[in-house]
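Novice: Before I ask anything, here is the structure I am working with.
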Amino acid sequence: MYLPILFVISLLFSYSHGSVLDFCVADFSLPDGPAGYSCKKPAKVTVNDFVYSGLGIAGNTSSLIKAAVTSAFVDQFPGLNGLGLSMARLDLAVDGVVPIHTHRGASEIIFVVEGTICAGFISSSANTVYFKTLHKGDVMIFPQGLLHFQFNIGNIPALAIVSLNSPNPGVDFTDVALFANNLPSAVVEKVTFLDVAQVKKLKAVFGGTG
Ligand SMILES: *[C@@H]1O[C@H](CO)[C@@H](O)[C@H](O)[C@H]1NC(C)=O
């Protein structure tokens with residue numbers, strides 16, 4: 001009488017073992033979807049799918065924002081697919097700023113390796129601001145989906161490493177969304193309460209038209 005039960009239990013165990021993958025390295029030959037990429041055939045996976053060397057190189061900060069974000073997201077680092085995490089490197093020249101932005105898909109934690117960074121986020125309903133000057137060795141959390149920013153408040157270049165709990169966290173820069181496209185200036189003026197001269201100035205800065 002116990003034998004059939006034991007048989008069923010052993011069957012369940014063998015099925016559950018069989019259905020849990022060790023990993024699902026991204027197969028870039030197939031499209032990305034809400035659940036991530038399809039899995040590369042295990043026989044084609046190599047150790048290099050789990051190693052990424054791009055974060056050892058300082059980003060080029062010669063730009064308007066005087067900052068560079070170098071990502072180790074799934075598109076650069078296929079081994080992250082399905083694992084719910086990613087990293088990035090933040091180089092901030094003196095006066096460098098990562099403009100206010102959100103990651104729809106992830107919370108973020110920052111570790112300051114070098115320099116002094118002012119960082120903060122804004123809560124969604126009360127619009128409460130949480131910001132602070134971070135020093136070398138400090139870490140700070142930016143909860144998922146909330147507007148946040150970082151800028152160099154020191155007089156030497158700053159370096160930080162961030163980690164995000166999604167292989168593909170997405171990023172939406174507020175200024176880029178508003179001023180880097182062809183949404184007519186009159187509409188931008190209407191929906192932001194800025195005056196049209198300010199809108200045109202920001203469009204010139206961020207490369208928008210209209
Ligand atoms: C950094 O970017 C600037 C502006 O795009 C470019 O002129 C410069 O050559 C780049 N420097 C390096 C080292 O790639």
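Just so we're on the same page: first chain in the structure tokens is A, next is B, and so on; residues restart at 1 for each chain, and ligands are numbered from 1 in the order they show up.
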Do you know which residues are at most 9 Å from Leu90 of chain A counting only C-alpha atoms, after dropping those on the same chain fewer than 6 positions away, and could you put them as a VMD selection string?
Specialist: chain A and resid 58 to 59 67 to 71 98 158 to 162
Novice: Go ahead and write the selection's residues with N, CA and C atoms as a compact mmCIF listing (two decimals), in the first residue's frame.
Specialist:
# COMPACT_ATOMS: atom_id res chain seq x y z
N ALA A 58 37.12 52.75 -17.25
CA ALA A 58 36.41 53.99 -16.92
C ALA A 58 35.61 54.46 -18.12
N GLY A 59 34.38 54.90 -17.90
CA GLY A 59 33.56 55.44 -18.97
C GLY A 59 34.05 56.82 -19.39
N ALA A 67 29.34 62.63 -17.00
CA ALA A 67 29.22 61.35 -16.30
C ALA A 67 29.05 60.24 -17.33
N ALA A 68 29.40 59.03 -16.92
CA ALA A 68 29.22 57.88 -17.82
C ALA A 68 28.72 56.70 -17.01
N VAL A 69 27.71 56.05 -17.54
CA VAL A 69 27.19 54.83 -16.92
C VAL A 69 27.56 53.67 -17.83
N THR A 70 28.35 52.75 -17.31
CA THR A 70 28.74 51.56 -18.08
C THR A 70 27.96 50.38 -17.52
N SER A 71 27.12 49.79 -18.35
CA SER A 71 26.18 48.78 -17.86
C SER A 71 26.69 47.37 -18.05
N VAL A 98 24.31 62.32 -12.94
CA VAL A 98 23.39 61.37 -13.58
C VAL A 98 22.00 61.98 -13.36
N ALA A 158 34.58 60.94 -9.19
CA ALA A 158 33.97 59.93 -8.31
C ALA A 158 33.69 58.66 -9.10
N LEU A 159 33.77 57.55 -8.40
CA LEU A 159 33.48 56.24 -9.01
C LEU A 159 32.53 55.49 -8.08
N ALA A 160 31.50 54.90 -8.65
CA ALA A 160 30.58 54.07 -7.86
C ALA A 160 30.21 52.84 -8.67
N ILE A 161 29.88 51.79 -7.94
CA ILE A 161 29.35 50.56 -8.56
C ILE A 161 27.91 50.42 -8.09
N VAL A 162 27.02 50.16 -9.02
CA VAL A 162 25.63 49.94 -8.62
C VAL A 162 25.23 48.52 -8.98
Novice: Check which residues of chain A sit at most 6 Å from ligand 1 using only C-alpha atoms and all ligand atoms, and return one row each with the closest pair of atoms and their distance in Å to one decimal, ordered by chain and rising number, as CSV.
Specialist:
residue,atom,partner,partner_atom_place_in_ligand_line,distance
A:Asn60,CA,ligand 1,1 (C),4.9
A:Ser62,CA,ligand 1,2 (O),4.9
A:Ser63,CA,ligand 1,4 (C),6.0
Novice: Using only C-alpha atoms, which residues sit within 8 Å of segment 115-132 of chain A once same-chain residues fewer than 3 positions away are excluded, as a ChimeraX atom specification?
Specialist: /A:112,135-136,142,146-154,156-159
Novice: List the spatial neighbours of Asp32 of chain A as an MDAnalysis selection string - criterion: any atom at most 12 Å away, only C-alpha atoms, same-chain residues fewer than 2 positions off excluded.
Specialist: chainID A and resid 26:30 34:39 74:75 78 81:82 167:168
Novice: Go ahead and save the residues from that selection, with N, CA and C atoms, as a PDB file, in the first residue's frame.
Specialist:
ATOM      1  N   ALA A  26      21.380  33.886 -21.956  1.00  0.00           N
ATOM      2  CA  ALA A  26      20.588  34.487 -23.028  1.00  0.00           C
ATOM      3  C   ALA A  26      21.023  33.994 -24.404  1.00  0.00           C
ATOM      4  N   ASP A  27      20.036  33.615 -25.198  1.00  0.00           N
ATOM      5  CA  ASP A  27      20.268  33.288 -26.603  1.00  0.00           C
ATOM      6  C   ASP A  27      19.877  34.523 -27.405  1.00  0.00           C
ATOM      7  N   PHE A  28      20.878  35.291 -27.856  1.00  0.00           N
ATOM      8  CA  PHE A  28      20.595  36.558 -28.533  1.00  0.00           C
ATOM      9  C   PHE A  28      20.058  36.374 -29.952  1.00  0.00           C
ATOM     10  N   SER A  29      20.035  35.120 -30.423  1.00  0.00           N
ATOM     11  CA  SER A  29      19.501  34.910 -31.784  1.00  0.00           C
ATOM     12  C   SER A  29      17.967  34.917 -31.767  1.00  0.00           C
ATOM     13  N   LEU A  30      17.387  34.836 -30.561  1.00  0.00           N
ATOM     14  CA  LEU A  30      15.925  34.896 -30.433  1.00  0.00           C
ATOM     15  C   LEU A  30      15.547  36.189 -29.705  1.00  0.00           C
ATOM     16  N   PRO A  34       9.015  39.544 -22.088  1.00  0.00           N
ATOM     17  CA  PRO A  34       8.794  39.958 -20.702  1.00  0.00           C
ATOM     18  C   PRO A  34       9.511  39.063 -19.691  1.00  0.00           C
ATOM     19  N   ALA A  35       9.685  37.799 -20.018  1.00  0.00           N
ATOM     20  CA  ALA A  35      10.364  36.901 -19.079  1.00  0.00           C
ATOM     21  C   ALA A  35      11.863  36.796 -19.375  1.00  0.00           C
ATOM     22  N   GLY A  36      12.352  37.646 -20.274  1.00  0.00           N
ATOM     23  CA  GLY A  36      13.774  37.606 -20.615  1.00  0.00           C
ATOM     24  C   GLY A  36      14.012  36.873 -21.924  1.00  0.00           C
ATOM     25  N   TYR A  37      15.252  36.522 -22.158  1.00  0.00           N
ATOM     26  CA  TYR A  37      15.628  35.812 -23.387  1.00  0.00           C
ATOM     27  C   TYR A  37      15.386  34.311 -23.222  1.00  0.00           C
ATOM     28  N   SER A  38      15.298  33.617 -24.342  1.00  0.00           N
ATOM     29  CA  SER A  38      15.308  32.153 -24.327  1.00  0.00           C
ATOM     30  C   SER A  38      16.695  31.678 -23.905  1.00  0.00           C
ATOM     31  N   CYS A  39      16.768  30.426 -23.520  1.00  0.00           N
ATOM     32  CA  CYS A  39      18.039  29.870 -23.036  1.00  0.00           C
ATOM     33  C   CYS A  39      18.897  29.367 -24.199  1.00  0.00           C
ATOM     34  N   VAL A  74      21.779  42.470 -19.108  1.00  0.00           N
ATOM     35  CA  VAL A  74      21.749  41.199 -19.842  1.00  0.00           C
ATOM     36  C   VAL A  74      22.233  41.344 -21.285  1.00  0.00           C
ATOM     37  N   ASP A  75      21.998  42.506 -21.908  1.00  0.00           N
ATOM     38  CA  ASP A  75      22.412  42.661 -23.302  1.00  0.00           C
ATOM     39  C   ASP A  75      23.938  42.668 -23.454  1.00  0.00           C
ATOM     40  N   PRO A  78      25.292  38.010 -21.018  1.00  0.00           N
ATOM     41  CA  PRO A  78      24.193  37.055 -21.222  1.00  0.00           C
ATOM     42  C   PRO A  78      23.930  36.112 -20.057  1.00  0.00           C
ATOM     43  N   ASN A  81      20.824  36.492 -17.604  1.00  0.00           N
ATOM     44  CA  ASN A  81      19.437  36.213 -17.999  1.00  0.00           C
ATOM     45  C   ASN A  81      18.735  35.309 -16.984  1.00  0.00           C
ATOM     46  N   GLY A  82      17.585  35.747 -16.503  1.00  0.00           N
ATOM     47  CA  GLY A  82      16.784  34.924 -15.592  1.00  0.00           C
ATOM     48  C   GLY A  82      17.226  34.949 -14.142  1.00  0.00           C
ATOM     49  N   PRO A 167      17.958  41.689 -14.501  1.00  0.00           N
ATOM     50  CA  PRO A 167      18.985  41.640 -15.544  1.00  0.00           C
ATOM     51  C   PRO A 167      18.779  42.715 -16.610  1.00  0.00           C
ATOM     52  N   ASN A 168      17.572  43.308 -16.619  1.00  0.00           N
ATOM     53  CA  ASN A 168      17.238  44.307 -17.634  1.00  0.00           C
ATOM     54  C   ASN A 168      16.399  45.407 -16.976  1.00  0.00           C
TER      55      ASN A 168
END
Novice: Skipping near chain neighbours, those fewer than 2 positions away, what residues fall within 9 Å of Gly207 of chain A using only C-alpha atoms, listed as a PyMOL selection string?
Specialist: chain A and resi 176+179-181+202-205+209
Novice: Could you please take those selected residues and save C-alpha atoms as an mmCIF file, in the first residue's frame?
Specialist:
data_model
loop_
_atom_site.group_PDB
_atom_site.id
_atom_site.type_symbol
_atom_site.label_atom_id
_atom_site.label_comp_id
_atom_site.auth_asym_id
_atom_site.auth_seq_id
_atom_site.Cartn_x
_atom_site.Cartn_y
_atom_site.Cartn_z
ATOM 1 C CA VAL A 176 15.552 63.025 -22.156
ATOM 2 C CA PHE A 179 13.379 67.387 -24.292
ATOM 3 C CA ALA A 180 15.191 64.954 -26.607
ATOM 4 C CA ASN A 181 12.400 64.225 -29.075
ATOM 5 C CA LEU A 202 16.255 72.494 -22.882
ATOM 6 C CA LYS A 203 15.426 71.017 -26.295
ATOM 7 C CA ALA A 204 18.594 72.620 -27.633
ATOM 8 C CA VAL A 205 20.600 71.119 -24.755
ATOM 9 C CA THR A 209 13.241 69.455 -32.129
#
Novice: What is the distance, in Å and to one decimal place, between atom CA of Ser166 of chain A and atom CA of Ile65 of chain A?
Specialist: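 Distance reported for this atom pair: 25.1 Å.
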Novice: Report the residues of chain A whose backbone DSSP state falls under alpha helix (DSSP H), written as a ChimeraX atom specification.
Specialist: /A:2-19,174-179,185-192,196-206
Novice: So how many Å separate atom CA of Val187 of chain A and atom CA of Gln144 of chain A, to one decimal?
Specialist: 28.9 Å
